[in-house]
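Everything below belongs to start_10.tsv, which stores TSV, N, CA and C atoms.
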chain	number	residue	atom	x	y	z
A	92	THR	N	0.82	-1.20	0.00
A	92	THR	CA	0.00	0.00	0.00
A	92	THR	C	0.86	1.25	0.00
A	93	TRP	N	1.97	1.22	0.70
A	93	TRP	CA	2.81	2.41	0.80
A	93	TRP	C	3.76	2.55	-0.38
A	94	MET	N	4.34	1.48	-0.82
A	94	MET	CA	5.40	1.54	-1.83
A	94	MET	C	4.93	1.24	-3.24
A	95	PHE	N	3.93	0.41	-3.39
A	95	PHE	CA	3.54	-0.05	-4.71
A	95	PHE	C	3.08	1.06	-5.64
A	96	PRO	N	2.23	2.01	-5.21
A	96	PRO	CA	1.78	3.05	-6.16
A	96	PRO	C	2.93	3.86	-6.78
A	97	GLY	N	3.91	4.22	-5.96
A	97	GLY	CA	5.06	4.96	-6.50
A	97	GLY	C	5.88	4.12	-7.46
A	98	LEU	N	6.05	2.87	-7.12
A	98	LEU	CA	6.78	1.95	-8.00
A	98	LEU	C	6.02	1.77	-9.30
A	99	LEU	N	4.71	1.62	-9.22
A	99	LEU	CA	3.89	1.45	-10.41
A	99	LEU	C	3.97	2.68	-11.32
A	100	ALA	N	3.99	3.86	-10.72
A	100	ALA	CA	4.03	5.09	-11.51
A	100	ALA	C	5.38	5.33	-12.16
A	101	THR	N	6.46	4.91	-11.48
A	101	THR	CA	7.79	5.23	-11.98
A	101	THR	C	8.51	4.07	-12.65
A	102	ARG	N	8.21	2.86	-12.21
A	102	ARG	CA	8.88	1.68	-12.75
A	102	ARG	C	7.87	0.54	-12.89
A	103	PRO	N	6.95	0.65	-13.85
A	103	PRO	CA	5.90	-0.36	-13.98
A	103	PRO	C	6.42	-1.78	-14.19
A	104	GLU	N	7.58	-1.91	-14.81
A	104	GLU	CA	8.12	-3.26	-15.01
A	104	GLU	C	8.52	-3.89	-13.68
A	105	LEU	N	8.99	-3.08	-12.73
A	105	LEU	CA	9.30	-3.61	-11.40
A	105	LEU	C	8.02	-3.86	-10.61
A	106	ALA	N	7.03	-3.00	-10.78
A	106	ALA	CA	5.74	-3.19	-10.10
A	106	ALA	C	5.12	-4.51	-10.55
A	107	ARG	N	5.24	-4.83	-11.81
A	107	ARG	CA	4.70	-6.10	-12.30
A	107	ARG	C	5.36	-7.27	-11.58
A	108	SER	N	6.65	-7.17	-11.32
A	108	SER	CA	7.34	-8.27	-10.63
A	108	SER	C	6.77	-8.49	-9.22
A	109	VAL	N	6.27	-7.44	-8.60
A	109	VAL	CA	5.68	-7.56	-7.26
A	109	VAL	C	4.40	-8.39	-7.33
A	110	VAL	N	3.50	-8.03	-8.23
A	110	VAL	CA	2.25	-8.78	-8.32
A	110	VAL	C	2.48	-10.18	-8.91
A	111	GLU	N	3.46	-10.30	-9.78
A	111	GLU	CA	3.79	-11.63	-10.31
A	111	GLU	C	4.33	-12.53	-9.21
A	112	ASN	N	5.08	-11.98	-8.27
A	112	ASN	CA	5.56	-12.78	-7.15
A	112	ASN	C	4.39	-13.31	-6.34
A	113	ARG	N	3.36	-12.51	-6.15
A	113	ARG	CA	2.17	-12.98	-5.42
A	113	ARG	C	1.47	-14.09	-6.21
A	114	TYR	N	1.45	-13.97	-7.52
A	114	TYR	CA	0.85	-15.03	-8.34
A	114	TYR	C	1.69	-16.30	-8.22
A	115	ARG	N	2.99	-16.15	-8.30
A	115	ARG	CA	3.90	-17.30	-8.25
A	115	ARG	C	3.83	-18.02	-6.90
A	116	THR	N	3.57	-17.29	-5.81
A	116	THR	CA	3.55	-17.91	-4.48
A	116	THR	C	2.13	-18.22	-3.99
A	117	ARG	N	1.17	-18.23	-4.90
A	117	ARG	CA	-0.22	-18.47	-4.48
A	117	ARG	C	-0.43	-19.87	-3.92
A	118	ASP	N	0.31	-20.87	-4.37
A	118	ASP	CA	0.14	-22.21	-3.80
A	118	ASP	C	0.58	-22.22	-2.33
A	119	ALA	N	1.66	-21.51	-2.03
A	119	ALA	CA	2.08	-21.40	-0.62
A	119	ALA	C	1.05	-20.62	0.18
A	120	ALA	N	0.47	-19.57	-0.40
A	120	ALA	CA	-0.56	-18.80	0.29
A	120	ALA	C	-1.79	-19.66	0.55
A	121	ARG	N	-2.13	-20.52	-0.37
A	121	ARG	CA	-3.26	-21.43	-0.17
A	121	ARG	C	-2.94	-22.44	0.94
A	122	ALA	N	-1.72	-22.95	0.95
A	122	ALA	CA	-1.31	-23.87	2.01
A	122	ALA	C	-1.31	-23.17	3.38
A	123	ASN	N	-0.89	-21.91	3.41
A	123	ASN	CA	-0.93	-21.14	4.66
A	123	ASN	C	-2.36	-21.05	5.17
A	124	ALA	N	-3.29	-20.73	4.29
A	124	ALA	CA	-4.69	-20.60	4.69
A	124	ALA	C	-5.20	-21.93	5.24
A	125	GLU	N	-4.95	-23.00	4.53
A	125	GLU	CA	-5.42	-24.31	4.97
A	125	GLU	C	-4.84	-24.69	6.32
A	126	LYS	N	-3.56	-24.41	6.51
A	126	LYS	CA	-2.89	-24.76	7.76
A	126	LYS	C	-3.56	-24.08	8.96
A	127	TYR	N	-4.07	-22.87	8.77
A	127	TYR	CA	-4.66	-22.13	9.87
A	127	TYR	C	-6.19	-22.12	9.82
A	128	GLY	N	-6.77	-23.04	9.06
A	128	GLY	CA	-8.21	-23.24	9.08
A	128	GLY	C	-9.02	-22.27	8.24
A	129	HIS	N	-8.40	-21.68	7.23
A	129	HIS	CA	-9.10	-20.73	6.37
A	129	HIS	C	-9.13	-21.26	4.94
A	130	ARG	N	-9.94	-20.62	4.14
A	130	ARG	CA	-9.98	-20.91	2.70
A	130	ARG	C	-9.22	-19.79	1.98
A	131	GLY	N	-9.00	-19.99	0.71
A	131	GLY	CA	-8.41	-18.95	-0.12
A	131	GLY	C	-6.92	-18.82	0.02
A	132	LEU	N	-6.44	-17.59	-0.09
A	132	LEU	CA	-5.01	-17.28	-0.07
A	132	LEU	C	-4.68	-16.44	1.15
A	133	PHE	N	-3.70	-16.88	1.92
A	133	PHE	CA	-3.26	-16.17	3.13
A	133	PHE	C	-1.77	-15.90	2.99
A	134	TYR	N	-1.44	-14.66	2.59
A	134	TYR	CA	-0.05	-14.26	2.43
A	134	TYR	C	0.50	-13.83	3.78
A	135	PRO	N	1.69	-14.30	4.14
A	135	PRO	CA	2.26	-13.91	5.42
A	135	PRO	C	2.72	-12.46	5.43
A	136	TRP	N	2.76	-11.90	6.60
A	136	TRP	CA	3.19	-10.52	6.77
A	136	TRP	C	4.62	-10.35	6.27
A	137	THR	N	5.47	-11.31	6.56
A	137	THR	CA	6.81	-11.32	6.01
A	137	THR	C	7.09	-12.72	5.48
A	138	SER	N	7.75	-12.78	4.37
A	138	SER	CA	8.16	-14.07	3.84
A	138	SER	C	9.28	-13.85	2.84
A	139	ALA	N	9.97	-14.90	2.56
A	139	ALA	CA	11.03	-14.85	1.57
A	139	ALA	C	10.46	-15.25	0.21
A	140	SER	N	11.24	-15.89	-0.58
A	140	SER	CA	10.85	-16.14	-1.97
A	140	SER	C	9.75	-17.16	-2.15
A	141	ARG	N	9.51	-18.01	-1.17
A	141	ARG	CA	8.53	-19.08	-1.37
A	141	ARG	C	7.14	-18.76	-0.85
A	142	GLY	N	7.00	-17.73	-0.02
A	142	GLY	CA	5.70	-17.33	0.49
A	142	GLY	C	5.14	-18.22	1.59
A	143	ARG	N	5.99	-19.04	2.17
A	143	ARG	CA	5.53	-19.95	3.22
A	143	ARG	C	5.56	-19.26	4.58
A	144	MET	N	4.53	-19.51	5.33
A	144	MET	CA	4.44	-18.89	6.63
A	144	MET	C	5.27	-19.63	7.67
A	145	ASP	N	5.35	-20.94	7.57
A	145	ASP	CA	5.98	-21.73	8.61
A	145	ASP	C	7.47	-21.49	8.76
A	146	SER	N	8.20	-21.51	7.69
A	146	SER	CA	9.66	-21.43	7.80
A	146	SER	C	10.22	-20.06	7.43
A	147	GLU	N	9.43	-19.21	6.81
A	147	GLU	CA	9.97	-17.95	6.34
A	147	GLU	C	9.55	-16.73	7.16
A	148	CYS	N	8.43	-16.82	7.85
A	148	CYS	CA	7.97	-15.68	8.63
A	148	CYS	C	8.76	-15.61	9.92
A	149	GLN	N	9.30	-14.45	10.21
A	149	GLN	CA	10.20	-14.30	11.35
A	149	GLN	C	9.57	-13.60	12.55
A	150	SER	N	8.29	-13.31	12.52
A	150	SER	CA	7.66	-12.56	13.60
A	150	SER	C	6.56	-13.37	14.27
A	151	TRP	N	6.96	-14.17	15.25
A	151	TRP	CA	5.98	-14.97	15.98
A	151	TRP	C	5.72	-14.41	17.37
A	152	ASP	N	6.53	-13.46	17.83
A	152	ASP	CA	6.34	-12.86	19.14
A	152	ASP	C	6.64	-11.37	19.05
A	153	PRO	N	5.64	-10.50	18.84
A	153	PRO	CA	4.22	-10.83	18.76
A	153	PRO	C	3.92	-11.60	17.47
A	154	PRO	N	2.75	-12.24	17.43
A	154	PRO	CA	2.45	-13.16	16.32
A	154	PRO	C	1.98	-12.48	15.03
A	155	HIS	N	2.79	-11.57	14.52
A	155	HIS	CA	2.40	-10.86	13.30
A	155	HIS	C	2.14	-11.79	12.13
A	156	CYS	N	2.81	-12.93	12.11
A	156	CYS	CA	2.60	-13.87	11.01
A	156	CYS	C	1.14	-14.28	10.90
A	157	LEU	N	0.44	-14.30	12.01
A	157	LEU	CA	-0.96	-14.71	12.01
A	157	LEU	C	-1.92	-13.53	12.09
A	158	THR	N	-1.49	-12.41	12.66
A	158	THR	CA	-2.44	-11.32	12.93
A	158	THR	C	-2.36	-10.14	11.97
A	159	GLN	N	-1.34	-10.04	11.18
A	159	GLN	CA	-1.22	-8.93	10.22
A	159	GLN	C	-2.02	-9.26	8.96
A	160	ASN	N	-3.28	-9.52	9.14
A	160	ASN	CA	-4.15	-9.95	8.04
A	160	ASN	C	-4.41	-8.86	7.01
A	161	HIS	N	-4.19	-7.60	7.37
A	161	HIS	CA	-4.45	-6.52	6.42
A	161	HIS	C	-3.59	-6.63	5.17
A	162	LEU	N	-2.53	-7.40	5.23
A	162	LEU	CA	-1.69	-7.58	4.03
A	162	LEU	C	-2.51	-8.13	2.87
A	163	GLN	N	-3.53	-8.93	3.15
A	163	GLN	CA	-4.37	-9.47	2.08
A	163	GLN	C	-5.01	-8.33	1.29
A	164	GLY	N	-5.45	-7.30	2.00
A	164	GLY	CA	-6.02	-6.12	1.33
A	164	GLY	C	-4.98	-5.38	0.53
A	165	ASP	N	-3.75	-5.32	1.06
A	165	ASP	CA	-2.66	-4.66	0.33
A	165	ASP	C	-2.37	-5.37	-0.99
A	166	VAL	N	-2.35	-6.70	-0.94
A	166	VAL	CA	-2.08	-7.47	-2.15
A	166	VAL	C	-3.19	-7.26	-3.18
A	167	SER	N	-4.44	-7.35	-2.73
A	167	SER	CA	-5.54	-7.19	-3.69
A	167	SER	C	-5.58	-5.77	-4.25
A	168	LEU	N	-5.26	-4.78	-3.44
A	168	LEU	CA	-5.21	-3.40	-3.93
A	168	LEU	C	-4.11	-3.25	-4.99
A	169	ALA	N	-2.96	-3.84	-4.76
A	169	ALA	CA	-1.87	-3.77	-5.74
A	169	ALA	C	-2.28	-4.43	-7.05
A	170	VAL	N	-2.96	-5.55	-6.97
A	170	VAL	CA	-3.44	-6.23	-8.18
A	170	VAL	C	-4.36	-5.31	-8.96
A	171	TRP	N	-5.30	-4.70	-8.26
A	171	TRP	CA	-6.26	-3.83	-8.93
A	171	TRP	C	-5.57	-2.57	-9.49
A	172	GLN	N	-4.65	-1.99	-8.73
A	172	GLN	CA	-3.92	-0.81	-9.21
A	172	GLN	C	-3.10	-1.16	-10.45
A	173	TYR	N	-2.49	-2.34	-10.46
A	173	TYR	CA	-1.71	-2.74	-11.63
A	173	TYR	C	-2.61	-2.83	-12.85
A	174	TYR	N	-3.77	-3.44	-12.69
A	174	TYR	CA	-4.70	-3.53	-13.81
A	174	TYR	C	-5.14	-2.14	-14.27
A	175	LEU	N	-5.51	-1.27	-13.34
A	175	LEU	CA	-5.94	0.08	-13.72
A	175	LEU	C	-4.85	0.84	-14.46
A	176	ALA	N	-3.61	0.67	-14.04
A	176	ALA	CA	-2.50	1.39	-14.67
A	176	ALA	C	-2.17	0.85	-16.06
A	177	THR	N	-2.34	-0.47	-16.23
A	177	THR	CA	-1.94	-1.08	-17.50
A	177	THR	C	-3.11	-1.33	-18.44
A	178	GLY	N	-4.29	-1.51	-17.88
A	178	GLY	CA	-5.45	-1.87	-18.70
A	178	GLY	C	-5.33	-3.25	-19.31
A	179	ASP	N	-4.44	-4.06	-18.78
A	179	ASP	CA	-4.17	-5.39	-19.34
A	179	ASP	C	-5.22	-6.39	-18.86
A	180	ARG	N	-6.30	-6.52	-19.62
A	180	ARG	CA	-7.41	-7.41	-19.25
A	180	ARG	C	-7.00	-8.88	-19.31
A	181	ASP	N	-6.10	-9.22	-20.21
A	181	ASP	CA	-5.63	-10.60	-20.27
A	181	ASP	C	-4.90	-10.97	-18.98
A	182	TRP	N	-4.02	-10.07	-18.50
A	182	TRP	CA	-3.32	-10.31	-17.24
A	182	TRP	C	-4.32	-10.41	-16.08
A	183	LEU	N	-5.29	-9.51	-16.07
A	183	LEU	CA	-6.28	-9.53	-15.00
A	183	LEU	C	-7.03	-10.86	-14.98
A	184	ALA	N	-7.45	-11.33	-16.14
A	184	ALA	CA	-8.21	-12.58	-16.20
A	184	ALA	C	-7.35	-13.79	-15.82
A	185	ALA	N	-6.13	-13.83	-16.31
A	185	ALA	CA	-5.30	-15.02	-16.12
A	185	ALA	C	-4.55	-15.03	-14.79
A	186	ARG	N	-4.13	-13.87	-14.30
A	186	ARG	CA	-3.27	-13.83	-13.13
A	186	ARG	C	-3.84	-13.00	-11.99
A	187	GLY	N	-4.43	-11.87	-12.30
A	187	GLY	CA	-4.99	-11.01	-11.26
A	187	GLY	C	-6.23	-11.60	-10.61
A	188	TRP	N	-7.16	-12.09	-11.44
A	188	TRP	CA	-8.40	-12.62	-10.90
A	188	TRP	C	-8.19	-13.78	-9.92
A	189	PRO	N	-7.32	-14.75	-10.20
A	189	PRO	CA	-7.11	-15.81	-9.21
A	189	PRO	C	-6.64	-15.27	-7.85
A	190	LEU	N	-5.86	-14.21	-7.87
A	190	LEU	CA	-5.42	-13.61	-6.61
A	190	LEU	C	-6.57	-12.91	-5.91
A	191	LEU	N	-7.33	-12.11	-6.65
A	191	LEU	CA	-8.46	-11.40	-6.06
A	191	LEU	C	-9.50	-12.38	-5.50
A	192	ARG	N	-9.81	-13.41	-6.25
A	192	ARG	CA	-10.78	-14.40	-5.80
A	192	ARG	C	-10.27	-15.13	-4.55
A	193	GLY	N	-9.01	-15.52	-4.57
A	193	GLY	CA	-8.45	-16.24	-3.42
A	193	GLY	C	-8.41	-15.40	-2.16
A	194	ILE	N	-8.11	-14.12	-2.30
A	194	ILE	CA	-8.10	-13.25	-1.13
A	194	ILE	C	-9.52	-13.00	-0.64
A	195	ALA	N	-10.47	-12.86	-1.55
A	195	ALA	CA	-11.88	-12.72	-1.14
A	195	ALA	C	-12.34	-13.97	-0.39
A	196	GLU	N	-11.93	-15.14	-0.85
A	196	GLU	CA	-12.28	-16.37	-0.14
A	196	GLU	C	-11.67	-16.40	1.26
A	197	PHE	N	-10.44	-15.89	1.39
A	197	PHE	CA	-9.82	-15.81	2.71
A	197	PHE	C	-10.66	-14.94	3.63
A	198	TRP	N	-11.01	-13.73	3.17
A	198	TRP	CA	-11.78	-12.81	4.02
A	198	TRP	C	-13.13	-13.41	4.37
A	199	GLU	N	-13.76	-14.07	3.43
A	199	GLU	CA	-15.06	-14.68	3.70
A	199	GLU	C	-14.93	-15.74	4.79
A	200	SER	N	-13.86	-16.51	4.75
A	200	SER	CA	-13.68	-17.56	5.76
A	200	SER	C	-13.18	-17.01	7.08
A	201	ARG	N	-12.63	-15.83	7.05
A	201	ARG	CA	-12.05	-15.20	8.25
A	201	ARG	C	-13.10	-14.40	9.04
A	202	ALA	N	-14.19	-14.04	8.39
A	202	ALA	CA	-15.23	-13.23	9.04
A	202	ALA	C	-16.09	-14.09	9.96
A	203	THR	N	-16.53	-13.49	11.05
A	203	THR	CA	-17.38	-14.15	12.03
A	203	THR	C	-18.66	-13.35	12.17
A	204	ALA	N	-19.79	-14.04	12.10
A	204	ALA	CA	-21.08	-13.37	12.27
A	204	ALA	C	-21.28	-12.98	13.73
A	205	ASN	N	-21.75	-11.75	13.96
A	205	ASN	CA	-22.10	-11.26	15.29
A	205	ASN	C	-23.60	-11.41	15.51
A	206	ALA	N	-24.01	-11.35	16.74
A	206	ALA	CA	-25.42	-11.52	17.10
A	206	ALA	C	-26.32	-10.47	16.45
A	207	ASP	N	-25.79	-9.28	16.20
A	207	ASP	CA	-26.61	-8.21	15.63
A	207	ASP	C	-26.69	-8.24	14.11
A	208	GLY	N	-26.13	-9.27	13.49
A	208	GLY	CA	-26.17	-9.40	12.03
A	208	GLY	C	-24.96	-8.80	11.33
A	209	SER	N	-24.09	-8.13	12.07
A	209	SER	CA	-22.86	-7.59	11.48
A	209	SER	C	-21.79	-8.69	11.50
A	210	TYR	N	-20.63	-8.37	10.99
A	210	TYR	CA	-19.53	-9.32	10.95
A	210	TYR	C	-18.28	-8.67	11.53
A	211	SER	N	-17.41	-9.49	12.08
A	211	SER	CA	-16.12	-9.04	12.59
A	211	SER	C	-15.03	-9.96	12.08
A	212	VAL	N	-13.83	-9.43	12.02
A	212	VAL	CA	-12.64	-10.24	11.81
A	212	VAL	C	-11.93	-10.23	13.15
A	213	ARG	N	-11.84	-11.36	13.78
A	213	ARG	CA	-11.34	-11.46	15.15
A	213	ARG	C	-9.85	-11.79	15.20
A	214	ASN	N	-9.24	-11.32	16.27
A	214	ASN	CA	-7.85	-11.64	16.59
A	214	ASN	C	-6.86	-11.22	15.50
A	215	VAL	N	-6.85	-9.94	15.24
A	215	VAL	CA	-5.89	-9.37	14.30
A	215	VAL	C	-5.03	-8.34	15.03
A	216	ALA	N	-4.00	-7.84	14.36
A	216	ALA	CA	-3.19	-6.76	14.92
A	216	ALA	C	-3.90	-5.44	14.68
A	217	GLY	N	-3.85	-4.59	15.67
A	217	GLY	CA	-4.44	-3.27	15.54
A	217	GLY	C	-3.55	-2.34	14.73
A	218	PRO	N	-3.96	-1.09	14.55
A	218	PRO	CA	-3.20	-0.15	13.74
A	218	PRO	C	-1.78	0.10	14.23
A	219	ASP	N	-1.54	-0.07	15.54
A	219	ASP	CA	-0.17	0.17	16.03
A	219	ASP	C	0.74	-1.03	15.81
A	220	GLU	N	0.22	-2.10	15.28
A	220	GLU	CA	0.94	-3.33	14.92
A	220	GLU	C	1.44	-4.13	16.11
A	221	TYR	N	1.19	-3.66	17.33
A	221	TYR	CA	1.62	-4.42	18.51
A	221	TYR	C	0.47	-4.76	19.42
A	222	SER	N	-0.73	-4.37	19.03
A	222	SER	CA	-1.93	-4.69	19.83
A	222	SER	C	-2.62	-5.89	19.19
A	223	ASN	N	-2.03	-7.04	19.36
A	223	ASN	CA	-2.60	-8.26	18.81
A	223	ASN	C	-3.84	-8.67	19.60
A	224	GLY	N	-4.71	-9.44	18.96
A	224	GLY	CA	-5.92	-9.91	19.62
A	224	GLY	C	-7.08	-8.94	19.48
A	225	VAL	N	-6.98	-8.00	18.55
A	225	VAL	CA	-8.04	-7.02	18.32
A	225	VAL	C	-9.11	-7.63	17.42
A	226	ASP	N	-10.37	-7.30	17.68
A	226	ASP	CA	-11.49	-7.74	16.83
A	226	ASP	C	-11.90	-6.60	15.93
Show me this structure written as structure tokens.
Amino acid sequence: TWMFPGLLATRPELARSVVENRYRTRDAARANAEKYGHRGLFYPWTSASRGRMDSECQSWDPPHCLTQNHLQGDVSLAVWQYYLATGDRDWLAARGWPLLRGIAEFWESRATANADGSYSVRNVAGPDEYSNGVD
């Protein structure tokens, strides 16, 4: 969210490599989601080249690997911004859409119905990044 728009505006070929990396690591993101009881794609807050949460994420105390869920929104926003900047509908259909769909599936499985009919996403990191367990 912070770096991608500037990269997209000034170096679109490098910006493409960012979203392509998310496409390339989607199998690991799917395995991450399954491991923690979710559907879709769950990208870790930090990871190396393979996108695996178990061996590559270095922040377990506090548990950012599990609670920094907002990264899913960052990834989907980057995908959409890339499409808007390039207008590449073929890329969107073949590579962007699987990411957007997978992240939507993650959020759908991550949401919890409340008694009043609203929904919450429970046990995430708050805006200060150190207040874990926020609903």
TODO: as a PyMOL selection string, please: all residues of chain A that backbone DSSP puts in strand (DSSP E).
DONE: chain A and resi 202-204+210-212
- [ ] Enumerate, as a PyMOL selection string, the complete set of residues in region 145-210 of chain A that a backbone-based DSSP assignment places in alpha helix (DSSP H).
- [x] chain A and resi 145-147+155-158+162-177+180-182+188-201
TODO: Go ahead and compute the interatomic distance for atom C of Gly131 (chain A) and atom C of Val110 (chain A), in Å to one decimal.
DONE: 15.6 Å
Put the listed atoms of region 153-157 of chain A in a box along x, y and z with 3 Å added on every side and give me the centre and edge lengths in Å to one decimal, as lines of an AutoDock Vina configuration file.
center_x = 1.9
center_y = -12.6
center_z = 14.9
size_x = 13.6
size_y = 10.2
size_z = 13.9
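Distances here use all atoms listed in the file; by that measure, the residue among A:Asn214, A:Ser167, A:Thr203, A:Cys156 closest to Leu191 (chain A) is A:Ser167.
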Task: Between atom C of Glu125 (chain A) and atom C of Gln172 (chain A), distance in Å (one decimal) - done: 28.9 Å
TODO: Tell me, as a ChimeraX atom specification, which residues lie within 6.5 Å of region 180-190 of chain A, counting only N, CA and C atoms; anything in the same chain fewer than 3 positions away does not count.
DONE: /A:114,167,170,174,177,193-195
Open item on the list: I'd like the neighbourhood of Gln159 (chain A) as a count of residues only, where a residue qualifies if any of its atoms comes within 10 Å (using only C-alpha atoms), though same-chain residues fewer than 6 positions away should be ignored.
Closed with: 12
Task: Distance of CA of Tyr173 (chain A) from CA of Leu105 (chain A), expressed in Å to one decimal place - done: 11.0 Å
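When only N, CA and C atoms are used to compute distances to Glu196 (chain A), the closest of the residues A:Leu175, A:Val166, A:Leu132, A:Ala124 turns out to be A:Leu132.
Closest approach to Met94 (chain A) from the set A:Thr158, A:Glu111, A:Leu168, A:Arg143 is made by A:Leu168, with distances taken over only C-alpha atoms.
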Requested file, region 92-99 of chain A restricted to all heavy atoms, as an mmCIF file, in the first residue's frame:
data_model
loop_
_atom_site.group_PDB
_atom_site.id
_atom_site.type_symbol
_atom_site.label_atom_id
_atom_site.label_comp_id
_atom_site.auth_asym_id
_atom_site.auth_seq_id
_atom_site.Cartn_x
_atom_site.Cartn_y
_atom_site.Cartn_z
ATOM 1 N N THR A 92 0.825 -1.201 0.000
ATOM 2 C CA THR A 92 0.000 0.000 0.000
ATOM 3 C C THR A 92 0.857 1.248 0.000
ATOM 4 O O THR A 92 0.527 2.222 -0.651
ATOM 5 C CB THR A 92 -0.945 -0.010 1.211
ATOM 6 O OG1 THR A 92 -1.809 -1.135 1.093
ATOM 7 C CG2 THR A 92 -1.763 1.247 1.287
ATOM 8 N N TRP A 93 1.967 1.219 0.701
ATOM 9 C CA TRP A 93 2.807 2.414 0.799
ATOM 10 C C TRP A 93 3.761 2.548 -0.382
ATOM 11 O O TRP A 93 3.988 3.639 -0.880
ATOM 12 C CB TRP A 93 3.619 2.387 2.096
ATOM 13 C CG TRP A 93 2.751 2.405 3.305
ATOM 14 C CD1 TRP A 93 2.482 1.348 4.132
ATOM 15 C CD2 TRP A 93 1.999 3.512 3.802
ATOM 16 N NE1 TRP A 93 1.624 1.734 5.109
ATOM 17 C CE2 TRP A 93 1.300 3.063 4.938
ATOM 18 C CE3 TRP A 93 1.838 4.839 3.403
ATOM 19 C CZ2 TRP A 93 0.484 3.883 5.685
ATOM 20 C CZ3 TRP A 93 1.013 5.657 4.151
ATOM 21 C CH2 TRP A 93 0.352 5.178 5.277
ATOM 22 N N MET A 94 4.338 1.478 -0.823
ATOM 23 C CA MET A 94 5.398 1.542 -1.826
ATOM 24 C C MET A 94 4.926 1.240 -3.238
ATOM 25 O O MET A 94 5.490 1.765 -4.191
ATOM 26 C CB MET A 94 6.522 0.586 -1.443
ATOM 27 C CG MET A 94 7.178 0.975 -0.141
ATOM 28 S SD MET A 94 8.272 -0.262 0.567
ATOM 29 C CE MET A 94 9.257 -0.766 -0.806
ATOM 30 N N PHE A 95 3.932 0.406 -3.388
ATOM 31 C CA PHE A 95 3.542 -0.052 -4.710
ATOM 32 C C PHE A 95 3.076 1.063 -5.644
ATOM 33 O O PHE A 95 3.491 1.081 -6.809
ATOM 34 C CB PHE A 95 2.486 -1.156 -4.611
ATOM 35 C CG PHE A 95 2.218 -1.821 -5.918
ATOM 36 C CD1 PHE A 95 3.089 -2.759 -6.439
ATOM 37 C CD2 PHE A 95 1.094 -1.492 -6.663
ATOM 38 C CE1 PHE A 95 2.853 -3.369 -7.653
ATOM 39 C CE2 PHE A 95 0.844 -2.096 -7.883
ATOM 40 C CZ PHE A 95 1.734 -3.035 -8.377
ATOM 41 N N PRO A 96 2.234 2.013 -5.214
ATOM 42 C CA PRO A 96 1.782 3.052 -6.160
ATOM 43 C C PRO A 96 2.928 3.857 -6.778
ATOM 44 O O PRO A 96 2.922 4.123 -7.976
ATOM 45 C CB PRO A 96 0.860 3.936 -5.313
ATOM 46 C CG PRO A 96 0.362 3.037 -4.245
ATOM 47 C CD PRO A 96 1.532 2.133 -3.930
ATOM 48 N N GLY A 97 3.910 4.217 -5.958
ATOM 49 C CA GLY A 97 5.058 4.956 -6.498
ATOM 50 C C GLY A 97 5.876 4.121 -7.459
ATOM 51 O O GLY A 97 6.335 4.606 -8.502
ATOM 52 N N LEU A 98 6.052 2.871 -7.116
ATOM 53 C CA LEU A 98 6.775 1.954 -7.998
ATOM 54 C C LEU A 98 6.021 1.774 -9.303
ATOM 55 O O LEU A 98 6.609 1.800 -10.386
ATOM 56 C CB LEU A 98 6.965 0.614 -7.288
ATOM 57 C CG LEU A 98 7.875 -0.402 -7.948
ATOM 58 C CD1 LEU A 98 9.289 0.133 -8.066
ATOM 59 C CD2 LEU A 98 7.848 -1.695 -7.146
ATOM 60 N N LEU A 99 4.714 1.624 -9.217
ATOM 61 C CA LEU A 99 3.888 1.453 -10.411
ATOM 62 C C LEU A 99 3.966 2.676 -11.319
ATOM 63 O O LEU A 99 4.047 2.557 -12.540
ATOM 64 C CB LEU A 99 2.441 1.172 -10.001
ATOM 65 C CG LEU A 99 1.439 0.909 -11.117
ATOM 66 C CD1 LEU A 99 1.859 -0.285 -11.956
ATOM 67 C CD2 LEU A 99 0.057 0.686 -10.508
#
